[in-house]
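J.: Can you read through this structure? Questions will come right after.
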There are 2 protein chains.
Amino acid sequence: MTNFHKLPDEIELEEHLKPTATNFFRDLRDRICAEFEAIEGELGEGEFAHQPPLAGMSGPPSKGHFSRKIWYHKNDDGAPGGGGEISLMKGRVFEKVGVNISNVYGRFSENFRQQIPGAEENGGAFWAAGISLVAHMRSPLVPAVHMNLRMIVTNRLWFGGGSDLTPLYPLEEDCKLFHSQLQECCDRHNPNYYAEFKSWCDRYFFLPHRNEPRGVGGIFFDYLNTQNWQSDFDFVRDVGETFLKTYPQIVRRHMHEGWSAAQREELLIKRGRYVEFNLIHDRGTQFGLKTGGNIEAILMSLPPEVKWL
Amino acid sequence: MTNFHKLPDEIELEEHLKPTATNFFRDLRDRICAEFEAIEGELGEGEFAHQPPLAGMSGPPSKGHFSRKIWYHKNDDGAPGGGGEISLMKGRVFEKVGVNISNVYGRFSENFRQQIPGAEENGGAFWAAGISLVAHMRSPLVPAVHMNLRMIVTNRLWFGGGSDLTPLYPLEEDCKLFHSQLQECCDRHNPNYYAEFKSWCDRYFFLPHRNEPRGVGGIFFDYLNTQNWQSDFDFVRDVGETFLKTYPQIVRRHMHEGWSAAQREELLIKRGRYVEFNLIHDRGTQFGLKTGGNIEAILMSLPPEVKWL
């Protein structure tokens with residue numbers, strides 16, 4: 001794990017860096033939403049003819065568009081503390097995709113600050129901004145995906161994030177593309193990153209109670225601060241750009257393929273594991289629930305339809 | 001909260017009491033399963049004519065029968081530690097109902113024993129037996145229900161349990177029957193029980209992140225030991241008998257009523273709250289996951305089909 005002490009001239013730098021990061025998260029959000037809406041338009045209505053009827057729907061789903069919802073964060077003491085924007089699309093290809101950007105600040109509660117590096121030393125004061133995305137796809141042949149990037153400031157400053165793929169049927173060509181693009185991205189910044197962040201991802205997205213991984217992995221990193229903010233930020237940006245370049249290719253590969261009711265049933269069962277992971281283990285969910293985050297934004301990651309045997 | 005020191009002649013008593021409790025839990029399980037199967041038989045196939053088609057099903061569901069599965073518990077050190085039996089039925093009226101009896105023993109892990117009264121004082125040794133039931137109903141007009149009774153022995157001995165109702169549409173007649181039967185049951189044993197255990201239930205089955213109750217409540221009790229094992233056990237038995245007498249009446253009231261696809265959709269959304277509660281907050285789930293319990297038995301409580309908006 002890299003260390004994450006603050007930069008020498010911390011105060012001045014931060015105020016300059018914060019909008020640089022939030023502007024990037026917002027811009028990335030806009031470009032991802034535009035690309036996903038474009039994909040929706042590439043699936044013709046006629047392509048539903050060979051699909052089994054969908055639960056609770058009389059006709060085929062219509063072409064998806066993102067709707068946007070702004071939320072505000074309040075601190076425990078009632079003080080305003082920023083907020084965020086949820087972009088949500090329920091469409092033909094993307095059964096449910098949420099892209100949330102947020103920028104919250106204030107003070108962590110007494111209990112919680114012990115768990116966050118640098119938060120006890122300055123009375124729990126924190127600032128956090130990021131983008132978080134989860135896509136659940138209608139077709140059992142198109143993998144679900146998760147991507148998250150964040151910058152956190154307490155008495156220290158660091159980046160975290162990652163991206164990972166959850167296919168029902170892991171195809172070699174998809175896994176290879178997803179992993180190799182992330183590897184190339186990591187290698188552009190540090191020859192050690194990929195091995196470290198891939199293995200962190202495998203350890204993190206694992207359900208101990210099922211003794212199974214959530215998906216096929218990707219990368220996961222946290223507490224990243226090499227003492228060079230610009231190069232760390234360049235890496236974080238590259239992870240975002242790599243996601244935007246790679247995942248749409250995987251969607252377009254499989255979105256026109258037909259699937260059966262039995263495969264759809266399998267997908268709904270697989271999604272149960274996603275719910276179990278997010279509600280029992282996920283640190284982001286815990287972080288959100290414990291810092292009084294917006295409940296819609298936090299649970300945006302839950303699949304639209306799930307089954308348990 | 002009543003205290004729960006052990007009885008004076010603890011060692012001899014326990015070995016006599018344990019089979020008395022486990023035999024009751026098993027017998028209650030058998031009678032509940034028989035009653036629920038009888039209810040299944042009371043819904044004719046023709047009654048599905050006015051229902052909307054069910055997701056992923058070509059025809060109407062067939063009459064349910066319980067299937068049974070035995071599981072074994074192993075302690076952390078590999079020593080055998082009892083086990084349990086899951087009875088599961090997926091039917092016409094009961095979309096998914098699980099009735100689990102278990103009798104597990106061994107040693108709690110170092111970390112976990114701190115949370116359990118009396119477990120640190122004897123090296124983590126414990127013995128636990130109980131019955132646990134969750135029913136998710138096909139009709140949006142028939143409330144879901146939960147009932148659990150347990151006896152736990154560490155360096156101390158106590159009972160816990162309760163029963164609570166989760167209707168989508170809380171009807172006064174159902175709530176009144178359910179609550180009044182539990183009140184009469186409590187009053188037969190101690191005039192303070194109902195007020196105390198009802199309020200405990202309301203506090204326990206509450207989702208803070210949604211700021212809403214899971215259902216309409218019932219009773220919840222734990223650490224019950226009045227120094228008179230027999231009278232405590234009589235109360236626990238009465239809670240079980242009261243459940244068996246009351247819930248089937250509520251099911252029979254509504255199982256023949258027609259419902260719409262929109263109501264079913266609402267039910268699936270409501271079930272999401274049930275999942276959130278069980279995976280984020282429920283102590284029984286946490287207990288099971290942390291003591292290496294059987295994952296099928298622990299997650300038996302999850303609804304068969306769920307949606308999140």
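Chain identifiers are assigned as A, B, and so on, following the order in which chains appear in the structure tokens; residues are numbered from 1 within each chain, and ligands are numbered from 1 in order of appearance.
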What lies within 8 Å of region 169-172 of chain A using only C-alpha atoms, ignoring chain neighbours under 6 positions off, as a list in words?
T.: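 Residues meeting the cut-off are Pro140, Leu141, Pro143 and Val216 of chain A.
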J.: Enumerate as JSON, numbers by chain the residues belonging to chain A that approach chain B to within 9 Å, with only C-alpha atoms taken into account.
T.: {"A": [52, 53, 54, 55, 56, 96, 209, 210, 261, 262, 264, 265, 268, 275, 276, 279, 280, 289, 292, 295, 299, 300, 302, 303, 304, 305, 306, 307, 308, 309]}
J.: Residues of region 141-230 of chain B within 7 Å of region 245-253 of chain B: nearest atom pair and distance (Å, one decimal) for each, counting only C-alpha atoms, sorted by chain and number, as CSV?
T.:
```
residue,atom,partner,partner_atom,distance
B:Val142,CA,B:Val251,CA,5.8
B:Asp174,CA,B:Ile250,CA,6.3
B:Phe178,CA,B:Thr246,CA,6.5
```
J.: Nearest residue to Glu85 (chain A) out of A:Leu244, A:Ala297, A:Phe112, A:His136, using only C-alpha atoms?
T.: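 Checking each of A:Leu244, A:Ala297, A:Phe112, A:His136 against Glu85 (chain A), counting only C-alpha atoms, the winner is A:Ala297.
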J.: For the structure I just gave you, how does DSSP split region 31-159 of chain A - specifically, which residues are alpha helix (DSSP H)? Reply as a list in words.
T.: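 Going through region 31-159 of chain A, the alpha helix (DSSP H) residues come out as Arg31, Ile32, Cys33, Ala34, Glu35, Phe36, Glu37, Ala38, Ile39, Glu40, Gly41, Glu110, Asn111, Phe112 and Arg113 of chain A.
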J.: Keeping only all heavy atoms, write the selected residues as a short mmCIF file (atom, residue, chain, number, x, y, z; two decimals), in the first residue's frame.
T.:
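Output file selection_26.cif is given in full below:
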```cif
data_model
loop_
_atom_site.label_atom_id
_atom_site.label_comp_id
_atom_site.auth_asym_id
_atom_site.auth_seq_id
_atom_site.Cartn_x
_atom_site.Cartn_y
_atom_site.Cartn_z
N ARG A 31 -19.96 12.44 -20.33
CA ARG A 31 -19.55 11.67 -21.50
C ARG A 31 -19.99 10.21 -21.40
O ARG A 31 -20.36 9.59 -22.39
CB ARG A 31 -18.03 11.79 -21.72
CG ARG A 31 -17.67 13.21 -22.24
CD ARG A 31 -16.18 13.35 -22.50
NE ARG A 31 -15.40 13.27 -21.28
CZ ARG A 31 -14.33 12.49 -21.12
NH1 ARG A 31 -13.91 11.71 -22.11
NH2 ARG A 31 -13.66 12.48 -19.97
N ILE A 32 -19.97 9.64 -20.19
CA ILE A 32 -20.46 8.26 -20.01
C ILE A 32 -21.95 8.20 -20.31
O ILE A 32 -22.42 7.31 -21.03
CB ILE A 32 -20.18 7.76 -18.57
CG1 ILE A 32 -18.68 7.49 -18.38
CG2 ILE A 32 -20.98 6.50 -18.28
CD1 ILE A 32 -18.28 7.17 -16.94
N CYS A 33 -22.71 9.14 -19.76
CA CYS A 33 -24.17 9.13 -19.99
C CYS A 33 -24.48 9.26 -21.48
O CYS A 33 -25.36 8.58 -22.00
CB CYS A 33 -24.84 10.26 -19.20
SG CYS A 33 -24.85 9.95 -17.41
N ALA A 34 -23.76 10.13 -22.18
CA ALA A 34 -23.99 10.32 -23.61
C ALA A 34 -23.70 9.02 -24.37
O ALA A 34 -24.47 8.61 -25.26
CB ALA A 34 -23.12 11.45 -24.14
N GLU A 35 -22.63 8.35 -24.00
CA GLU A 35 -22.25 7.11 -24.69
C GLU A 35 -23.28 6.01 -24.42
O GLU A 35 -23.67 5.27 -25.32
CB GLU A 35 -20.86 6.67 -24.22
CG GLU A 35 -20.35 5.37 -24.80
CD GLU A 35 -19.96 5.46 -26.27
OE1 GLU A 35 -20.09 6.56 -26.87
OE2 GLU A 35 -19.54 4.43 -26.83
N PHE A 36 -23.75 5.91 -23.19
CA PHE A 36 -24.73 4.88 -22.84
C PHE A 36 -26.07 5.15 -23.53
O PHE A 36 -26.74 4.23 -23.98
CB PHE A 36 -24.91 4.79 -21.32
CG PHE A 36 -23.77 4.12 -20.58
CD1 PHE A 36 -22.62 3.70 -21.25
CD2 PHE A 36 -23.85 3.88 -19.21
CE1 PHE A 36 -21.58 3.08 -20.58
CE2 PHE A 36 -22.81 3.25 -18.53
CZ PHE A 36 -21.67 2.86 -19.21
N GLU A 37 -26.45 6.40 -23.64
CA GLU A 37 -27.69 6.74 -24.36
C GLU A 37 -27.55 6.41 -25.85
O GLU A 37 -28.49 5.94 -26.48
CB GLU A 37 -28.06 8.22 -24.18
CG GLU A 37 -28.64 8.51 -22.80
CD GLU A 37 -29.32 9.88 -22.69
OE1 GLU A 37 -29.19 10.70 -23.63
OE2 GLU A 37 -29.99 10.12 -21.66
N ALA A 38 -26.35 6.63 -26.38
CA ALA A 38 -26.11 6.29 -27.78
C ALA A 38 -26.29 4.78 -27.99
O ALA A 38 -26.91 4.34 -28.97
CB ALA A 38 -24.71 6.73 -28.21
N ILE A 39 -25.77 3.99 -27.06
CA ILE A 39 -25.92 2.52 -27.16
C ILE A 39 -27.39 2.13 -27.15
O ILE A 39 -27.82 1.27 -27.94
CB ILE A 39 -25.16 1.83 -26.00
CG1 ILE A 39 -23.64 1.98 -26.20
CG2 ILE A 39 -25.55 0.36 -25.89
CD1 ILE A 39 -22.79 1.45 -25.04
N GLU A 40 -28.17 2.76 -26.29
CA GLU A 40 -29.61 2.48 -26.24
C GLU A 40 -30.25 2.63 -27.63
O GLU A 40 -31.11 1.85 -28.02
CB GLU A 40 -30.31 3.43 -25.26
CG GLU A 40 -30.21 3.02 -23.81
CD GLU A 40 -31.08 1.82 -23.47
OE1 GLU A 40 -32.26 1.82 -23.81
OE2 GLU A 40 -30.54 0.86 -22.90
N GLY A 41 -29.81 3.67 -28.34
CA GLY A 41 -30.37 3.96 -29.66
C GLY A 41 -29.98 2.95 -30.72
O GLY A 41 -30.60 2.89 -31.79
N GLU A 110 -17.99 10.95 15.75
CA GLU A 110 -16.90 10.51 16.64
C GLU A 110 -16.49 9.06 16.35
O GLU A 110 -15.30 8.75 16.25
CB GLU A 110 -17.35 10.59 18.11
CG GLU A 110 -17.73 11.98 18.59
CD GLU A 110 -16.53 12.76 19.12
OE1 GLU A 110 -15.48 12.14 19.35
OE2 GLU A 110 -16.65 14.00 19.28
N ASN A 111 -17.48 8.20 16.24
CA ASN A 111 -17.19 6.79 16.02
C ASN A 111 -16.51 6.54 14.68
O ASN A 111 -15.57 5.78 14.56
CB ASN A 111 -18.48 5.95 16.02
CG ASN A 111 -18.92 5.65 17.42
OD1 ASN A 111 -18.09 5.58 18.33
ND2 ASN A 111 -20.22 5.49 17.61
N PHE A 112 -17.05 7.20 13.67
CA PHE A 112 -16.62 6.87 12.31
C PHE A 112 -15.23 7.40 12.01
O PHE A 112 -14.48 6.79 11.25
CB PHE A 112 -17.64 7.43 11.32
CG PHE A 112 -17.48 6.87 9.95
CD1 PHE A 112 -17.60 5.50 9.72
CD2 PHE A 112 -17.21 7.69 8.87
CE1 PHE A 112 -17.44 4.97 8.45
CE2 PHE A 112 -17.06 7.18 7.60
CZ PHE A 112 -17.17 5.81 7.38
N ARG A 113 -14.87 8.55 12.62
CA ARG A 113 -13.59 9.16 12.27
C ARG A 113 -12.40 8.28 12.62
O ARG A 113 -11.33 8.40 12.02
CB ARG A 113 -13.47 10.56 12.87
CG ARG A 113 -13.46 10.62 14.38
CD ARG A 113 -13.41 12.07 14.87
NE ARG A 113 -14.65 12.79 14.60
CZ ARG A 113 -15.02 13.90 15.22
NH1 ARG A 113 -14.23 14.44 16.12
NH2 ARG A 113 -16.16 14.49 14.94
#
```
J.: For CA of Arg283 (chain A) and CA of Met89 (chain A), determine how far apart the two atoms are, in Å to one decimal place.
T.: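 CA of Arg283 (chain A) sits 24.5 Å away from CA of Met89 (chain A).
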J.: Hey, what does DSSP flag as strand (DSSP E) within region 63-256 of chain A? Can you give it to me as a VMD selection string?
T.: chain A and resid 67 to 74 80 to 89 94 to 107 125 to 137 144 to 153 157 to 166 206 to 207 212 to 213 217 to 224
J.: Can you pull out every residue within 10 Å of Gly218 (chain B), counting only C-alpha atoms, but drop anything in the same chain fewer than 2 positions away, and send it as a ChimeraX atom specification?
T.: /B:145-147,162-166,175,178-183,194,197-202,205,215-216,220
J.: As a ChimeraX atom specification, please: the residues near Gly161 (chain B) (cut-off 10 Å, only C-alpha atoms, same-chain neighbours under 3 positions excluded).
T.: /B:130-132,147-151,197,219-224,236,239-240
J.: Write a file of the just-selected residues containing all heavy atoms, as a compact mmCIF listing (two decimals), in the first residue's frame.
T.:
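Saved as result35.txt:
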```txt
# COMPACT_ATOMS: atom_id res chain seq x y z
N GLY B 130 -33.29 -23.82 18.24
CA GLY B 130 -34.42 -22.95 17.96
C GLY B 130 -35.15 -23.31 16.69
O GLY B 130 -34.80 -24.27 15.98
N ILE B 131 -36.19 -22.54 16.46
CA ILE B 131 -36.97 -22.65 15.23
C ILE B 131 -37.06 -21.26 14.64
O ILE B 131 -37.18 -20.27 15.38
CB ILE B 131 -38.38 -23.23 15.50
CG1 ILE B 131 -39.20 -23.31 14.20
CG2 ILE B 131 -39.14 -22.42 16.57
CD1 ILE B 131 -40.51 -24.10 14.36
N SER B 132 -36.97 -21.17 13.33
CA SER B 132 -37.00 -19.88 12.66
C SER B 132 -37.82 -20.02 11.38
O SER B 132 -37.62 -20.96 10.62
CB SER B 132 -35.57 -19.47 12.32
OG SER B 132 -35.57 -18.27 11.59
N MET B 147 -41.33 -15.70 12.43
CA MET B 147 -41.46 -16.21 13.80
C MET B 147 -40.17 -16.93 14.15
O MET B 147 -39.60 -17.63 13.31
CB MET B 147 -42.66 -17.16 13.90
CG MET B 147 -43.05 -17.53 15.33
SD MET B 147 -42.13 -18.93 15.99
CE MET B 147 -42.76 -20.29 14.98
N ASN B 148 -39.71 -16.73 15.37
CA ASN B 148 -38.46 -17.34 15.78
C ASN B 148 -38.51 -17.58 17.29
O ASN B 148 -38.99 -16.75 18.05
CB ASN B 148 -37.29 -16.40 15.42
CG ASN B 148 -35.99 -16.78 16.11
OD1 ASN B 148 -35.46 -16.00 16.90
ND2 ASN B 148 -35.51 -17.96 15.85
N LEU B 149 -38.05 -18.77 17.71
CA LEU B 149 -37.95 -19.08 19.14
C LEU B 149 -36.61 -19.77 19.34
O LEU B 149 -36.19 -20.58 18.51
CB LEU B 149 -39.08 -20.03 19.55
CG LEU B 149 -40.51 -19.49 19.36
CD1 LEU B 149 -41.53 -20.62 19.56
CD2 LEU B 149 -40.79 -18.33 20.31
N ARG B 150 -35.92 -19.44 20.41
CA ARG B 150 -34.60 -20.04 20.62
C ARG B 150 -34.26 -20.14 22.10
O ARG B 150 -34.74 -19.34 22.91
CB ARG B 150 -33.52 -19.24 19.90
CG ARG B 150 -33.47 -17.78 20.31
CD ARG B 150 -32.58 -16.92 19.41
NE ARG B 150 -32.64 -15.53 19.84
CZ ARG B 150 -33.54 -14.64 19.42
NH1 ARG B 150 -34.47 -14.98 18.54
NH2 ARG B 150 -33.53 -13.40 19.88
N MET B 151 -33.43 -21.14 22.41
CA MET B 151 -32.88 -21.27 23.76
C MET B 151 -31.37 -21.29 23.61
O MET B 151 -30.84 -22.00 22.76
CB MET B 151 -33.38 -22.56 24.42
CG MET B 151 -32.68 -22.90 25.73
SD MET B 151 -33.43 -24.35 26.53
CE MET B 151 -32.01 -25.03 27.39
N PHE B 197 -42.29 -6.24 25.16
CA PHE B 197 -41.86 -6.98 23.98
C PHE B 197 -42.40 -6.39 22.68
O PHE B 197 -41.78 -6.54 21.61
CB PHE B 197 -42.26 -8.46 24.11
CG PHE B 197 -41.62 -9.15 25.30
CD1 PHE B 197 -42.15 -10.36 25.79
CD2 PHE B 197 -40.50 -8.62 25.93
CE1 PHE B 197 -41.56 -11.00 26.88
CE2 PHE B 197 -39.91 -9.26 27.03
CZ PHE B 197 -40.44 -10.45 27.50
N ILE B 219 -44.12 -9.02 18.55
CA ILE B 219 -43.30 -8.99 19.77
C ILE B 219 -41.88 -9.48 19.47
O ILE B 219 -41.66 -10.22 18.51
CB ILE B 219 -43.90 -9.85 20.93
CG1 ILE B 219 -44.01 -11.33 20.52
CG2 ILE B 219 -45.26 -9.31 21.38
CD1 ILE B 219 -44.29 -12.27 21.69
N PHE B 220 -40.97 -9.05 20.29
CA PHE B 220 -39.56 -9.45 20.21
C PHE B 220 -39.04 -9.50 21.63
O PHE B 220 -39.27 -8.58 22.40
CB PHE B 220 -38.78 -8.40 19.39
CG PHE B 220 -37.32 -8.73 19.20
CD1 PHE B 220 -36.88 -9.31 18.02
CD2 PHE B 220 -36.37 -8.44 20.18
CE1 PHE B 220 -35.53 -9.60 17.82
CE2 PHE B 220 -35.02 -8.73 20.00
CZ PHE B 220 -34.61 -9.31 18.81
N PHE B 221 -38.37 -10.59 22.00
CA PHE B 221 -37.78 -10.67 23.35
C PHE B 221 -36.46 -11.41 23.28
O PHE B 221 -36.20 -12.18 22.35
CB PHE B 221 -38.74 -11.34 24.34
CG PHE B 221 -39.10 -12.76 23.99
CD1 PHE B 221 -38.43 -13.83 24.58
CD2 PHE B 221 -40.10 -13.04 23.08
CE1 PHE B 221 -38.75 -15.15 24.27
CE2 PHE B 221 -40.43 -14.36 22.75
CZ PHE B 221 -39.75 -15.41 23.35
N ASP B 222 -35.60 -11.14 24.26
CA ASP B 222 -34.29 -11.79 24.28
C ASP B 222 -33.81 -11.79 25.73
O ASP B 222 -34.32 -11.05 26.57
CB ASP B 222 -33.32 -11.03 23.38
CG ASP B 222 -32.22 -11.97 22.85
OD1 ASP B 222 -32.14 -13.13 23.28
OD2 ASP B 222 -31.45 -11.53 21.98
N TYR B 223 -32.81 -12.61 26.02
CA TYR B 223 -32.21 -12.69 27.36
C TYR B 223 -33.27 -12.97 28.42
O TYR B 223 -33.18 -12.48 29.55
CB TYR B 223 -31.48 -11.38 27.69
CG TYR B 223 -30.55 -10.94 26.58
CD1 TYR B 223 -30.70 -9.70 25.96
CD2 TYR B 223 -29.51 -11.78 26.15
CE1 TYR B 223 -29.84 -9.32 24.93
CE2 TYR B 223 -28.67 -11.39 25.11
CZ TYR B 223 -28.84 -10.16 24.52
OH TYR B 223 -28.00 -9.77 23.51
N LEU B 224 -34.29 -13.75 28.06
CA LEU B 224 -35.36 -14.04 29.02
C LEU B 224 -34.97 -15.18 29.95
O LEU B 224 -34.77 -16.32 29.52
CB LEU B 224 -36.65 -14.41 28.28
CG LEU B 224 -37.86 -14.73 29.17
CD1 LEU B 224 -38.39 -13.45 29.81
CD2 LEU B 224 -38.96 -15.41 28.38
N VAL B 236 -42.52 -19.37 25.99
CA VAL B 236 -41.98 -19.58 24.65
C VAL B 236 -42.87 -20.51 23.84
O VAL B 236 -43.17 -20.25 22.66
CB VAL B 236 -40.53 -20.14 24.74
CG1 VAL B 236 -40.06 -20.73 23.43
CG2 VAL B 236 -39.58 -19.03 25.21
N VAL B 239 -45.97 -18.68 22.69
CA VAL B 239 -45.74 -17.81 21.52
C VAL B 239 -45.82 -18.64 20.24
O VAL B 239 -46.43 -18.24 19.25
CB VAL B 239 -44.37 -17.08 21.62
CG1 VAL B 239 -44.08 -16.30 20.34
CG2 VAL B 239 -44.35 -16.13 22.82
N GLY B 240 -45.21 -19.82 20.27
CA GLY B 240 -45.27 -20.71 19.11
C GLY B 240 -46.69 -21.15 18.78
O GLY B 240 -47.12 -21.11 17.62
```
J.: Just to confirm, what's the straight-line distance from CA of Arg237 (chain A) to CA of Ile70 (chain A) in Å (one decimal)?
T.: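 The value is 23.8 Å.
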